[in-house]
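Report on one structure; see the data block that follows.
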2 protein chains.
Amino acid sequence: MKLEDMLAYKMAMAASDISESLYNVYASYGLVMPEWRIMATLGHFSPDSKVMSAKALSQATRLDKVSVSRALKRMEHNGLICKTLSKNDGRFFDVALSPRGEAMYNEIIPKIRLWQQSKLKNITDSEYEIFLKVIENFSA
Amino acid sequence: MKLEDMLAYKMAMAASDISESLYNVYASYGLVMPEWRIMATLGHFSPDSKVMSAKALSQATRLDKVSVSRALKRMEHNGLICKTLSKNDGRFFDVALSPRGEAMYNEIIPKIRLWQQSKLKNITDSEYEIFLKVIENFSA
DNA sequence: ATAAATTAGTTACAAATGAAACTATTTGAT
DNA sequence: ATCAAATAGTTTCATTTGTAACTAATTTAT
């Protein structure tokens with residue numbers, strides 16, 4: 001087996017490179033990685049499902065529940081999210097981006113898009129489709 | 001922009017899933033992630049280049065030099081590597097897998113290969129080729 | 001030749017992390 | 001209805017981590 005063929009190795013290295021590169025974008029907004037992942041998740045889902053529980057965020061972001069709890073505390077403190085006890089079930093919180101959080105999200109997203117385009121400039125649409133299919137497979 | 005199209009997000013999630021899944025393989029040998037990355041790198045390169053410096057390992061594995069230093073200390077203590085001062089340049093160490101480290105590597109690799117095959121069972125060779133091309137691009 | 005600058009690696013310390021214990025709420029069994 | 005089991009989220013504490021300071025070796029400039 002060649003290292004060149006080592007899927008996990010390649011993925012980890014690429015993810016690490018991407019992660020570092022992306023850090024420069026959201027860090028300029030004072031966000032750390034868990035906060036950015038949460039913002040990205042909430043921002044994406046907010047059109048349809050306005051709220052998510054901490055548990056759902058934990059699953060979507062692959063952050064453990066302690067990290068989510070702490071990130072949400074900071075984000076609430078910074079006015080980026082609204083956190084209210086769920087009416088149906090007092091164990092859950094309904095978490096959503098605040099207007100301010102939504103504004104920040106909408107400011108960051110175009111920069112991410114630009115960054116992503118630069119990363120994909122040598123890749124055709126059909127190649128990217130296949131790439132997505134492959135990594136979709138990994139998480140399945 | 002749809003979350004479905006968020007490259008970085010998808011990569012981070014897939015890498016996280018893969019990393020967790022792979023952890024079960026090397027953890028059973030008492031290795032932690034930095035140790036496994038170092039072993040994989042040394043094991044792969046050992047046919048041609050028998051030794052690597054801690055710095056080279058740090059670059060290859062995307063671990064910072066402190067992590068590498070600590071991992072090498074543990075691995076040396078466990079008899080998995082040999083670490084000798086370079087003759088040419090007294091700042092470098094020549095690091096290589098010990099026979100015991102090599103044996104462990106050769107025991108783990110087939111399990112990684114099996115694991116990888118199961119992850120790729122729905123993927124054709126040409127699709128995998130394209131996938132590799134795309135992630136190669138990220139690190140460039 | 002010598003002193004400043006650079007580089008490899010380690011150490012120390014402060015910050016981030018996660019497992020386990022904890023609180024609070026809900027569900028399910030009797 | 002009541003009590004045990006389960007679930008969401010928080011807190012505690014011990015470990016892990018990374019930045020910055022350090023040591024030691026080498027290179028570069030003068």
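Residues are named by chain letter and number: chains run A, B, ... in the order of the structure tokens, numbers start at 1 in each chain, and ligands are numbered from 1 in the order shown.
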
Notebook entry, point to check: Near chain A, which residues of chain B fall within 9 Å when you count only C-alpha atoms, and what do they look like as a ChimeraX atom specification?
Noted result: /B:1-19,22,37,40-41,44-45,60-62,109-110,112-113,116,119-120,122-123,127-128,130-140

Margin query: Neighbouring residues of Val66 (chain B) were defined as those with any atom within 10 Å, considering only C-alpha atoms (C1' of nucleotides); residues of the same chain fewer than 6 positions away were excluded. Please report them as an MDAnalysis selection string.
Written below: (chainID B and resid 54 58 72) or (chainID C and resid 9:11) or (chainID D and resid 17:18)

Would you put the residues from that selection into a file with N, CA and C atoms (P, O5', C5', C4', C3', O3' and C1' of nucleotides), as a CSV table (one decimal), in the first residue's frame?
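The resulting file, again-v1.csv, is shown below:
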```
chain,number,residue,atom,x,y,z
B,54,ALA,N,12.6,15.2,12.9
B,54,ALA,CA,11.3,15.5,13.5
B,54,ALA,C,10.6,16.6,12.7
B,58,SER,N,7.0,16.6,11.2
B,58,SER,CA,6.0,17.6,11.5
B,58,SER,C,5.3,18.1,10.2
B,72,LEU,N,7.3,11.4,19.7
B,72,LEU,CA,8.5,10.6,19.5
B,72,LEU,C,9.1,10.2,20.8
C,9,DG,P,14.4,18.0,14.3
C,9,DG,O5',14.2,18.3,15.8
C,9,DG,C5',15.3,17.9,16.7
C,9,DG,C4',15.0,18.5,18.1
C,9,DG,C3',13.8,18.0,18.8
C,9,DG,O3',14.1,17.2,19.9
C,9,DG,C1',14.1,20.3,19.1
C,10,DT,P,13.0,16.6,20.9
C,10,DT,O5',13.1,17.7,22.1
C,10,DT,C5',14.3,17.9,22.7
C,10,DT,C4',14.1,18.9,23.9
C,10,DT,C3',13.0,18.4,24.9
C,10,DT,O3',13.6,18.5,26.2
C,10,DT,C1',12.6,20.6,24.2
C,11,DT,P,12.8,18.0,27.5
C,11,DT,O5',12.3,19.4,28.2
C,11,DT,C5',13.2,20.5,28.3
C,11,DT,C4',12.5,21.7,28.9
C,11,DT,C3',11.4,21.3,29.9
C,11,DT,O3',11.6,22.3,31.0
C,11,DT,C1',10.5,22.6,28.3
D,17,DT,P,-3.5,15.8,22.6
D,17,DT,O5',-3.2,17.3,22.5
D,17,DT,C5',-4.4,18.2,22.3
D,17,DT,C4',-3.9,19.6,22.4
D,17,DT,C3',-2.7,20.0,21.5
D,17,DT,O3',-3.2,20.7,20.4
D,17,DT,C1',-2.6,21.0,23.7
D,18,DG,P,-2.2,21.1,19.2
D,18,DG,O5',-1.8,22.6,19.6
D,18,DG,C5',-2.7,23.6,19.9
D,18,DG,C4',-2.1,24.8,20.4
D,18,DG,C3',-0.9,25.3,19.6
D,18,DG,O3',-1.0,26.7,19.6
D,18,DG,C1',-0.2,24.9,21.7
```

Checklist line | Contact set, chain A to chain C: 8 Å, only C-alpha atoms (C1' of nucleotides), as JSON, numbers by chain | finding: {"A": [66, 89, 90, 91]}

Please produce chain B as a PDB file with C-alpha atoms, in the first residue's frame once it has been superposed on chain A, the fit using all Cα atoms paired in sequence order.
```pdb
ATOM      1  CA  MET B   1       0.153  -0.046   0.080  1.00  0.00           C
ATOM      2  CA  LYS B   2       1.459   3.295  -0.966  1.00  0.00           C
ATOM      3  CA  LEU B   3       0.940   6.362   1.183  1.00  0.00           C
ATOM      4  CA  GLU B   4      -0.408   7.900  -2.004  1.00  0.00           C
ATOM      5  CA  ASP B   5      -3.264   5.459  -1.693  1.00  0.00           C
ATOM      6  CA  MET B   6      -3.923   6.042   1.959  1.00  0.00           C
ATOM      7  CA  LEU B   7      -7.368   7.484   2.011  1.00  0.00           C
ATOM      8  CA  ALA B   8      -7.522   8.382   5.663  1.00  0.00           C
ATOM      9  CA  TYR B   9      -4.105   9.963   5.614  1.00  0.00           C
ATOM     10  CA  LYS B  10      -4.897  12.045   2.563  1.00  0.00           C
ATOM     11  CA  MET B  11      -8.234  13.111   3.963  1.00  0.00           C
ATOM     12  CA  ALA B  12      -6.742  14.116   7.285  1.00  0.00           C
ATOM     13  CA  MET B  13      -4.010  16.153   5.620  1.00  0.00           C
ATOM     14  CA  ALA B  14      -6.366  17.853   3.176  1.00  0.00           C
ATOM     15  CA  ALA B  15      -8.888  18.578   5.911  1.00  0.00           C
ATOM     16  CA  SER B  16      -6.108  20.017   8.027  1.00  0.00           C
ATOM     17  CA  ASP B  17      -4.905  22.260   5.206  1.00  0.00           C
ATOM     18  CA  ILE B  18      -8.422  23.417   4.423  1.00  0.00           C
ATOM     19  CA  SER B  19      -9.228  23.980   8.051  1.00  0.00           C
ATOM     20  CA  GLU B  20      -6.151  26.136   8.529  1.00  0.00           C
ATOM     21  CA  SER B  21      -6.868  28.091   5.387  1.00  0.00           C
ATOM     22  CA  LEU B  22     -10.475  28.671   6.363  1.00  0.00           C
ATOM     23  CA  TYR B  23      -9.515  29.684   9.867  1.00  0.00           C
ATOM     24  CA  ASN B  24      -8.156  32.948   8.488  1.00  0.00           C
ATOM     25  CA  VAL B  25     -11.639  33.853   7.300  1.00  0.00           C
ATOM     26  CA  TYR B  26     -13.733  33.345  10.422  1.00  0.00           C
ATOM     27  CA  ALA B  27     -10.992  34.187  12.917  1.00  0.00           C
ATOM     28  CA  SER B  28     -11.111  37.772  11.686  1.00  0.00           C
ATOM     29  CA  TYR B  29     -14.648  37.875  13.089  1.00  0.00           C
ATOM     30  CA  GLY B  30     -13.414  36.711  16.475  1.00  0.00           C
ATOM     31  CA  LEU B  31     -14.848  33.253  16.034  1.00  0.00           C
ATOM     32  CA  VAL B  32     -13.161  30.023  16.952  1.00  0.00           C
ATOM     33  CA  MET B  33     -13.806  26.825  15.059  1.00  0.00           C
ATOM     34  CA  PRO B  34     -16.683  25.459  17.162  1.00  0.00           C
ATOM     35  CA  GLU B  35     -18.410  28.836  16.980  1.00  0.00           C
ATOM     36  CA  TRP B  36     -18.018  28.985  13.233  1.00  0.00           C
ATOM     37  CA  ARG B  37     -19.349  25.466  12.760  1.00  0.00           C
ATOM     38  CA  ILE B  38     -22.375  26.297  14.870  1.00  0.00           C
ATOM     39  CA  MET B  39     -22.956  29.554  13.045  1.00  0.00           C
ATOM     40  CA  ALA B  40     -22.643  27.832   9.671  1.00  0.00           C
ATOM     41  CA  THR B  41     -25.103  25.160  10.706  1.00  0.00           C
ATOM     42  CA  LEU B  42     -27.645  27.541  12.194  1.00  0.00           C
ATOM     43  CA  GLY B  43     -27.251  29.942   9.300  1.00  0.00           C
ATOM     44  CA  HIS B  44     -27.787  27.267   6.749  1.00  0.00           C
ATOM     45  CA  PHE B  45     -30.843  25.734   8.346  1.00  0.00           C
ATOM     46  CA  SER B  46     -32.438  28.938   9.540  1.00  0.00           C
ATOM     47  CA  PRO B  47     -34.581  29.529   6.439  1.00  0.00           C
ATOM     48  CA  ASP B  48     -36.668  26.418   7.041  1.00  0.00           C
ATOM     49  CA  SER B  49     -36.051  25.234  10.588  1.00  0.00           C
ATOM     50  CA  LYS B  50     -35.540  28.348  12.614  1.00  0.00           C
ATOM     51  CA  VAL B  51     -34.181  26.619  15.699  1.00  0.00           C
ATOM     52  CA  MET B  52     -32.000  23.701  16.656  1.00  0.00           C
ATOM     53  CA  SER B  53     -31.196  22.036  19.959  1.00  0.00           C
ATOM     54  CA  ALA B  54     -27.654  21.858  21.296  1.00  0.00           C
ATOM     55  CA  LYS B  55     -27.823  18.142  20.725  1.00  0.00           C
ATOM     56  CA  ALA B  56     -28.750  18.546  17.061  1.00  0.00           C
ATOM     57  CA  LEU B  57     -25.930  21.055  16.698  1.00  0.00           C
ATOM     58  CA  SER B  58     -23.543  18.621  18.301  1.00  0.00           C
ATOM     59  CA  GLN B  59     -24.475  15.930  15.798  1.00  0.00           C
ATOM     60  CA  ALA B  60     -24.370  18.234  12.801  1.00  0.00           C
ATOM     61  CA  THR B  61     -21.005  19.727  13.692  1.00  0.00           C
ATOM     62  CA  ARG B  62     -19.311  16.628  15.139  1.00  0.00           C
ATOM     63  CA  LEU B  63     -18.480  18.641  18.223  1.00  0.00           C
ATOM     64  CA  ASP B  64     -19.045  16.974  21.542  1.00  0.00           C
ATOM     65  CA  LYS B  65     -21.795  18.356  23.703  1.00  0.00           C
ATOM     66  CA  VAL B  66     -19.394  20.070  26.086  1.00  0.00           C
ATOM     67  CA  SER B  67     -17.802  22.014  23.256  1.00  0.00           C
ATOM     68  CA  VAL B  68     -21.221  22.974  21.986  1.00  0.00           C
ATOM     69  CA  SER B  69     -22.341  24.056  25.431  1.00  0.00           C
ATOM     70  CA  ARG B  70     -19.274  26.243  25.842  1.00  0.00           C
ATOM     71  CA  ALA B  71     -19.442  27.682  22.343  1.00  0.00           C
ATOM     72  CA  LEU B  72     -23.120  28.550  22.782  1.00  0.00           C
ATOM     73  CA  LYS B  73     -22.360  30.252  26.080  1.00  0.00           C
ATOM     74  CA  ARG B  74     -19.742  32.460  24.409  1.00  0.00           C
ATOM     75  CA  MET B  75     -21.975  33.135  21.417  1.00  0.00           C
ATOM     76  CA  GLU B  76     -24.865  34.081  23.635  1.00  0.00           C
ATOM     77  CA  HIS B  77     -22.598  36.366  25.609  1.00  0.00           C
ATOM     78  CA  ASN B  78     -21.505  37.993  22.340  1.00  0.00           C
ATOM     79  CA  GLY B  79     -25.088  38.372  21.169  1.00  0.00           C
ATOM     80  CA  LEU B  80     -24.725  36.039  18.203  1.00  0.00           C
ATOM     81  CA  ILE B  81     -27.442  33.579  19.169  1.00  0.00           C
ATOM     82  CA  CYS B  82     -30.737  33.400  21.030  1.00  0.00           C
ATOM     83  CA  LYS B  83     -31.165  30.477  23.404  1.00  0.00           C
ATOM     84  CA  THR B  84     -34.574  29.800  24.922  1.00  0.00           C
ATOM     85  CA  LEU B  85     -35.953  26.818  26.758  1.00  0.00           C
ATOM     86  CA  SER B  86     -38.136  24.702  24.510  1.00  0.00           C
ATOM     87  CA  LYS B  87     -41.833  24.912  25.318  1.00  0.00           C
ATOM     88  CA  ASN B  88     -42.530  21.303  24.486  1.00  0.00           C
ATOM     89  CA  ASP B  89     -39.620  19.780  26.368  1.00  0.00           C
ATOM     90  CA  GLY B  90     -37.844  21.585  29.170  1.00  0.00           C
ATOM     91  CA  ARG B  91     -34.634  19.683  28.610  1.00  0.00           C
ATOM     92  CA  PHE B  92     -34.008  21.237  25.217  1.00  0.00           C
ATOM     93  CA  PHE B  93     -32.988  24.703  24.238  1.00  0.00           C
ATOM     94  CA  ASP B  94     -34.158  26.309  21.042  1.00  0.00           C
ATOM     95  CA  VAL B  95     -31.040  27.868  19.588  1.00  0.00           C
ATOM     96  CA  ALA B  96     -31.123  30.315  16.697  1.00  0.00           C
ATOM     97  CA  LEU B  97     -28.924  33.017  15.250  1.00  0.00           C
ATOM     98  CA  SER B  98     -29.750  36.463  16.560  1.00  0.00           C
ATOM     99  CA  PRO B  99     -30.114  39.263  14.008  1.00  0.00           C
ATOM    100  CA  ARG B 100     -26.530  40.168  14.793  1.00  0.00           C
ATOM    101  CA  GLY B 101     -25.425  36.568  14.316  1.00  0.00           C
ATOM    102  CA  GLU B 102     -27.347  36.360  11.068  1.00  0.00           C
ATOM    103  CA  ALA B 103     -25.690  39.556   9.864  1.00  0.00           C
ATOM    104  CA  MET B 104     -22.260  38.207  10.659  1.00  0.00           C
ATOM    105  CA  TYR B 105     -23.089  34.943   8.909  1.00  0.00           C
ATOM    106  CA  ASN B 106     -24.216  36.813   5.816  1.00  0.00           C
ATOM    107  CA  GLU B 107     -21.009  38.799   5.850  1.00  0.00           C
ATOM    108  CA  ILE B 108     -18.784  35.739   6.169  1.00  0.00           C
ATOM    109  CA  ILE B 109     -20.510  33.498   3.645  1.00  0.00           C
ATOM    110  CA  PRO B 110     -19.440  35.429   0.514  1.00  0.00           C
ATOM    111  CA  LYS B 111     -15.834  35.273   1.691  1.00  0.00           C
ATOM    112  CA  ILE B 112     -16.127  31.540   2.205  1.00  0.00           C
ATOM    113  CA  ARG B 113     -17.621  31.249  -1.256  1.00  0.00           C
ATOM    114  CA  LEU B 114     -14.709  33.142  -2.788  1.00  0.00           C
ATOM    115  CA  TRP B 115     -12.249  31.029  -0.885  1.00  0.00           C
ATOM    116  CA  GLN B 116     -13.993  27.871  -2.020  1.00  0.00           C
ATOM    117  CA  GLN B 117     -14.015  28.970  -5.629  1.00  0.00           C
ATOM    118  CA  SER B 118     -10.277  29.558  -5.530  1.00  0.00           C
ATOM    119  CA  LYS B 119      -9.797  26.068  -4.133  1.00  0.00           C
ATOM    120  CA  LEU B 120     -11.891  24.586  -6.921  1.00  0.00           C
ATOM    121  CA  LYS B 121     -10.663  26.627  -9.839  1.00  0.00           C
ATOM    122  CA  ASN B 122      -8.902  23.674 -11.468  1.00  0.00           C
ATOM    123  CA  ILE B 123     -11.810  21.322 -10.882  1.00  0.00           C
ATOM    124  CA  THR B 124     -14.668  20.802 -13.316  1.00  0.00           C
ATOM    125  CA  ASP B 125     -18.258  20.554 -12.173  1.00  0.00           C
ATOM    126  CA  SER B 126     -18.485  16.876 -12.966  1.00  0.00           C
ATOM    127  CA  GLU B 127     -15.268  16.170 -11.101  1.00  0.00           C
ATOM    128  CA  TYR B 128     -16.628  18.052  -8.122  1.00  0.00           C
ATOM    129  CA  GLU B 129     -19.853  16.061  -8.308  1.00  0.00           C
ATOM    130  CA  ILE B 130     -17.878  12.859  -8.110  1.00  0.00           C
ATOM    131  CA  PHE B 131     -15.799  14.204  -5.257  1.00  0.00           C
ATOM    132  CA  LEU B 132     -18.967  14.978  -3.336  1.00  0.00           C
ATOM    133  CA  LYS B 133     -20.319  11.511  -4.024  1.00  0.00           C
ATOM    134  CA  VAL B 134     -17.153   9.931  -2.669  1.00  0.00           C
ATOM    135  CA  ILE B 135     -17.023  11.887   0.568  1.00  0.00           C
ATOM    136  CA  GLU B 136     -20.754  11.449   1.043  1.00  0.00           C
ATOM    137  CA  ASN B 137     -19.971   7.763   1.069  1.00  0.00           C
ATOM    138  CA  PHE B 138     -17.486   8.106   3.896  1.00  0.00           C
ATOM    139  CA  SER B 139     -19.980   9.487   6.344  1.00  0.00           C
ATOM    140  CA  ALA B 140     -22.612   6.934   5.427  1.00  0.00           C
TER     141      ALA B 140
END
```

Notebook entry, point to check: Which residues of chain D are close to chain B, meaning at most 8 Å apart when you count only C-alpha atoms (C1' of nucleotides), and how do they look as a list of chain:residue names?
Noted result: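 Going by the stated atoms only, the list reads D:DG18, D:DA24, D:DA25, D:DT26.
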
Next item on the list: Any chance you could list, as number ranges by chain, the residues in chain A that come up strand (DSSP E or B) when DSSP is run on the backbone?
Entry: A: 52, 81-85, 93-97

Those same residues - N, CA and C atoms - I'd like them written as a PDB file, in the first residue's frame.
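Wrote it out as part_9.pdb, contents follow:
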```
ATOM      1  N   MET A  52     -32.562  24.957  16.470  1.00  0.00           N
ATOM      2  CA  MET A  52     -31.967  23.629  16.658  1.00  0.00           C
ATOM      3  C   MET A  52     -31.619  23.473  18.129  1.00  0.00           C
ATOM      4  N   ILE A  81     -26.356  34.510  19.147  1.00  0.00           N
ATOM      5  CA  ILE A  81     -27.466  33.541  19.104  1.00  0.00           C
ATOM      6  C   ILE A  81     -28.518  33.894  20.147  1.00  0.00           C
ATOM      7  N   CYS A  82     -29.707  33.326  19.945  1.00  0.00           N
ATOM      8  CA  CYS A  82     -30.752  33.365  20.961  1.00  0.00           C
ATOM      9  C   CYS A  82     -30.969  31.945  21.456  1.00  0.00           C
ATOM     10  N   LYS A  83     -31.047  31.801  22.749  1.00  0.00           N
ATOM     11  CA  LYS A  83     -31.191  30.474  23.352  1.00  0.00           C
ATOM     12  C   LYS A  83     -32.368  30.524  24.304  1.00  0.00           C
ATOM     13  N   THR A  84     -33.438  29.814  23.978  1.00  0.00           N
ATOM     14  CA  THR A  84     -34.605  29.809  24.864  1.00  0.00           C
ATOM     15  C   THR A  84     -35.006  28.377  25.164  1.00  0.00           C
ATOM     16  N   LEU A  85     -35.516  28.172  26.361  1.00  0.00           N
ATOM     17  CA  LEU A  85     -35.972  26.839  26.734  1.00  0.00           C
ATOM     18  C   LEU A  85     -37.128  26.434  25.828  1.00  0.00           C
ATOM     19  N   PHE A  93     -33.021  23.302  24.569  1.00  0.00           N
ATOM     20  CA  PHE A  93     -33.018  24.719  24.252  1.00  0.00           C
ATOM     21  C   PHE A  93     -33.292  24.880  22.764  1.00  0.00           C
ATOM     22  N   ASP A  94     -34.016  25.920  22.440  1.00  0.00           N
ATOM     23  CA  ASP A  94     -34.168  26.292  21.035  1.00  0.00           C
ATOM     24  C   ASP A  94     -33.091  27.317  20.729  1.00  0.00           C
ATOM     25  N   VAL A  95     -32.146  26.943  19.888  1.00  0.00           N
ATOM     26  CA  VAL A  95     -31.046  27.837  19.560  1.00  0.00           C
ATOM     27  C   VAL A  95     -31.232  28.360  18.140  1.00  0.00           C
ATOM     28  N   ALA A  96     -31.054  29.651  17.979  1.00  0.00           N
ATOM     29  CA  ALA A  96     -31.129  30.253  16.646  1.00  0.00           C
ATOM     30  C   ALA A  96     -30.145  31.411  16.572  1.00  0.00           C
ATOM     31  N   LEU A  97     -29.751  31.773  15.373  1.00  0.00           N
ATOM     32  CA  LEU A  97     -28.917  32.961  15.205  1.00  0.00           C
ATOM     33  C   LEU A  97     -29.737  34.198  15.554  1.00  0.00           C
TER      34      LEU A  97
END
```

Note to self: as a ChimeraX atom specification, please: every residue in chain A that a backbone DSSP assignment puts in helix (DSSP H, G or I).
What the structure shows: /A:3-5,7-27,33-45,54-61,65-77,99-119,125-139
